[in-house]
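Chemist: After the structure tokens below, expect a handful of questions from me.
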Amino acid sequence: MASVRTGGAAVAVLSIATVLSCLLCSKYRSRVSSTRTKPHKRRRGLVDAIGNTPLIRVNSLSDATGCEILGKAEFLNPGGSVKDRVAVKIIEEALESGLLFQGGVVTEGSAGSTAISLAAVAPAYGCKCHVVIPDDVAIEKSQILEALGATVERVRPVSITHKDHYVNIAKRRALEANEIASKHRSSSQMDHKDVEQINGNTSDEEKCNSVFSSDCKGGFFADQFENLANFRAHYEGTGPEIWEQTGGNLDAFIAAAGTGGTVAGISRFLKEKNPNIKCFLIDPPGSGLFNKVRRGVMYTREEAEGRRLKNPFDTVTEGIGINRITQNFLMAELDGAFRGTDVEAVEMSRFLLKNDGLFLGSSSAMNCIGAVRMAQKIGPGHTIVTILCDSGMRHLSKFFNDQYLSQHGLTPSATGLDFLGLPQEFSLTK
């Protein structure tokens with residue numbers, strides 16, 4: 001009988017163990033299901049899919065610095081960059097104000113990302129896109145724009161004060177489109193003086209018919225540098241998302257600036273929520289914003305003495321850095337600035353690809369340099385947020401081209417984070 005009782009007890013124990021195992025497995029599957037397969041609300045079309053990007057921990061940099069370094073993964077937007085937000089805001093405000101109509105053309109002078117976002121978003125609003133782009137930017141950006149259906153003008157880089165700077169040409173193209181639309185609506189020839197000027201520019205009449213079709217419904221110059229819709233896109237969208245995703249528990253924000261809209265919108269929102277959050281700029285070579293933030297002037301002592309480079313933007317980074325103050329940048333609330341280099345940007349991009357699997361473009365790499373500098377400044381134990389603007393996919397011909405980098409003395413060679421000149425405790429050991 002003892003053996004029977006022992007056998008019965010064993011069966012009972014086995015049964016209990018089986019039940020507990022099933023319960024644990026069920027709870028585990030439930031937890032995994034809730035965290036990985038939780039159904040998301042459907043998005044209504046392309047536009048509704050823009051924004052609400054994840055805030056991801058950059059593991060290698062966080063582990064190396066002792067800070068939580070978080071990157072807003074803007075490269076996951078449908079158009080592939082942070083500029084999708086700006087494109088939507090600019091077009092929607094223009095349509096609401098009556099400055100743009102369905103069938104009209106959105107024109108922009110851009111180094112690439114904003115143009116791509118406008119080209120991707122414009123058809124969703126029944127509009128077309130015409131882009132003027134410097135001919136020294138990565139060729140794949142022009143190829144992407146054309147594939148998206150935009151018309152593209154590649155022009156030589158000149159100073160913003162020159163009438164043929166790509167931004168100024170884009171302004172004139174919008175005016176030309178409006179002229180064509182006016183003539184199409186009217187049976188009589190309009191007097192040239194009656195045509196509304198855009199930002200003080202007159203049109204190139206000889207180019208009108210070759211650029212836009214006769215049924216054009218008018219043009220609108222997006223003006224990403226001065227149009228405060230850029231700032232509002234981040235003040236009303238990106239900034240609040242970061243605050244919510246961190247639960248308000250962040251110590252610093254840092255990013256580079258081109259138009260200034262991203263750093264301005266986010267910094268102002270975060271400062272209004274908590275004035276103790278440190279907001280910093282990271283600036284690439286050739287840009288004057290570092291000096292403006294740190295010293296209140298846009299130039300160094302040497303440049304003031306007449307030794308400024310003829311082409312100050314001799315840098316491998318694209319879409320960031322500028323030598324003037326835009327209306328968007330004026331909205332920024334900044335506590336300081338760091339200077340980055342091309343070497344650091346290239347090395348950082350390779351470091352992140354090797355250690356995190358993050359394939360990022362030049363501006364994203366520069367932002368991550370800024371995040372590490374920020375961590376070095378405020379010390380371990382803090383949370384730092386930056387922007388991962390776009391991926392490396394639109395930087396293949398320059399930033400990720402070994403031959404191009406070799407020709408410019410930028411071949412990466414670092415084995416860790418030593419390229420930032422950090423002490424040993426800031427270097428990641430694998």
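Every chain in the structure tokens takes a letter, A first, then B, and so on in the order presented; its residues are numbered from 1, and the ligands are numbered from 1 following the presented order.
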Please extract the residues of region 342-390 of chain A with a backbone DSSP assignment of helix (DSSP H, G or I) and present them as a count of residues only.

Modeler: 32

Chemist: Would you list the contacts of Thr326 (chain A) as a list of chain:residue names, taking every protein, DNA or RNA residue within 6 Å and counting only C-alpha atoms, but skipping same-chain residues closer than 3 positions in sequence?

Modeler: A:Phe225, A:Glu226, A:Phe329

Chemist: Give me, as a ChimeraX atom specification, all polymer residues having an atom no more than 9 Å from Leu352 (chain A), counting only C-alpha atoms and skipping those fewer than 6 positions away in the same chain.

Modeler: /A:58,60-61,358-360,365

Chemist: Write to file, as a PDB file, in the first residue's frame, the residues of the selection just made, with N, CA and C atoms.

Modeler:
ATOM      1  N   VAL A  58      20.029  53.891 -27.763  1.00  0.00           N
ATOM      2  CA  VAL A  58      21.236  53.586 -28.526  1.00  0.00           C
ATOM      3  C   VAL A  58      22.163  52.841 -27.567  1.00  0.00           C
ATOM      4  N   SER A  60      24.960  50.989 -27.557  1.00  0.00           N
ATOM      5  CA  SER A  60      26.418  51.126 -27.462  1.00  0.00           C
ATOM      6  C   SER A  60      26.821  52.426 -26.782  1.00  0.00           C
ATOM      7  N   LEU A  61      26.184  53.524 -27.169  1.00  0.00           N
ATOM      8  CA  LEU A  61      26.541  54.819 -26.597  1.00  0.00           C
ATOM      9  C   LEU A  61      26.061  54.937 -25.147  1.00  0.00           C
ATOM     10  N   LEU A 358      22.618  50.178 -36.595  1.00  0.00           N
ATOM     11  CA  LEU A 358      21.955  51.408 -37.032  1.00  0.00           C
ATOM     12  C   LEU A 358      22.686  51.983 -38.240  1.00  0.00           C
ATOM     13  N   PHE A 359      22.004  51.996 -39.386  1.00  0.00           N
ATOM     14  CA  PHE A 359      22.573  52.509 -40.637  1.00  0.00           C
ATOM     15  C   PHE A 359      22.048  53.931 -40.819  1.00  0.00           C
ATOM     16  N   LEU A 360      22.830  54.910 -40.391  1.00  0.00           N
ATOM     17  CA  LEU A 360      22.366  56.286 -40.293  1.00  0.00           C
ATOM     18  C   LEU A 360      23.113  57.232 -41.224  1.00  0.00           C
ATOM     19  N   ALA A 365      24.477  60.891 -37.572  1.00  0.00           N
ATOM     20  CA  ALA A 365      25.772  60.595 -36.958  1.00  0.00           C
ATOM     21  C   ALA A 365      26.278  61.795 -36.170  1.00  0.00           C
TER      22      ALA A 365
END

Chemist: Name all residues at most 9 Å from region 342-347 of chain A (count only C-alpha atoms; drop same-chain ones fewer than 2 positions away) and give them as an NGL selection string.

Modeler: :A and (284-285 or 315-317 or 340 or 349-352 or 362-369 or 399-400 or 405 or 409-414 or 416-417 or 419-420)

Chemist: Would you list the contacts of Cys67 (chain A) as a PyMOL selection string, taking every protein, DNA or RNA residue within 12 Å and counting only C-alpha atoms, but skipping same-chain residues closer than 6 positions in sequence?

Modeler: chain A and resi 57-61+250-252+371-385+426

Chemist: Which residues are near Ser81 (chain A)? Cut-off 9 Å, only C-alpha atoms, ignore same chain within fewer than 2 positions. Put them as a short mmCIF file (atom, residue, chain, number, x, y, z; two decimals) with C-alpha atoms, in the first residue's frame.

Modeler:
data_model
loop_
_atom_site.label_atom_id
_atom_site.label_comp_id
_atom_site.auth_asym_id
_atom_site.auth_seq_id
_atom_site.Cartn_x
_atom_site.Cartn_y
_atom_site.Cartn_z
CA ALA A 73 13.90 57.14 -34.99
CA GLU A 74 12.68 59.63 -37.59
CA PHE A 75 14.18 57.54 -40.40
CA LEU A 76 11.14 55.26 -39.92
CA ASN A 77 8.75 57.88 -41.31
CA PRO A 78 7.22 56.89 -44.69
CA GLY A 79 9.41 59.36 -46.59
CA LYS A 83 11.33 66.22 -42.78
CA ASP A 84 8.11 64.29 -43.44
CA ARG A 85 6.59 66.15 -40.49
CA SER A 113 15.56 65.47 -47.32
CA THR A 114 12.86 68.16 -47.25
CA ILE A 116 12.09 64.15 -50.83
CA SER A 117 9.45 64.51 -48.12
CA LEU A 388 18.04 60.06 -35.85
CA CYS A 389 17.06 62.14 -38.87
CA ASP A 390 17.46 59.72 -41.76
CA SER A 391 19.13 56.48 -42.75
#

Chemist: Using only C-alpha atoms, which of the listed residues (A:Val86, A:Val106, A:Ile325, A:Val158) sits closest to Thr262 (chain A)?

Modeler: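 That would be A:Val86, the residue with the smallest distance to Thr262 (chain A).
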
Chemist: If we count only C-alpha atoms and set the cut-off at 10 Å, which residues sit around Gly45 (chain A), ignoring sequence neighbours fewer than 4 positions away in its own chain? Please answer as a PyMOL selection string.

Modeler: chain A and resi 49-50+124

Chemist: Dump C-alpha atoms for the selected residues as a short mmCIF file (atom, residue, chain, number, x, y, z; two decimals), in the first residue's frame?

Modeler:
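Output contents, as saved in result_18.cif:
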data_model
loop_
_atom_site.label_atom_id
_atom_site.label_comp_id
_atom_site.auth_asym_id
_atom_site.auth_seq_id
_atom_site.Cartn_x
_atom_site.Cartn_y
_atom_site.Cartn_z
CA ALA A 49 1.49 57.28 -40.87
CA ILE A 50 3.88 60.19 -40.34
CA ALA A 124 -1.54 62.80 -51.11
#
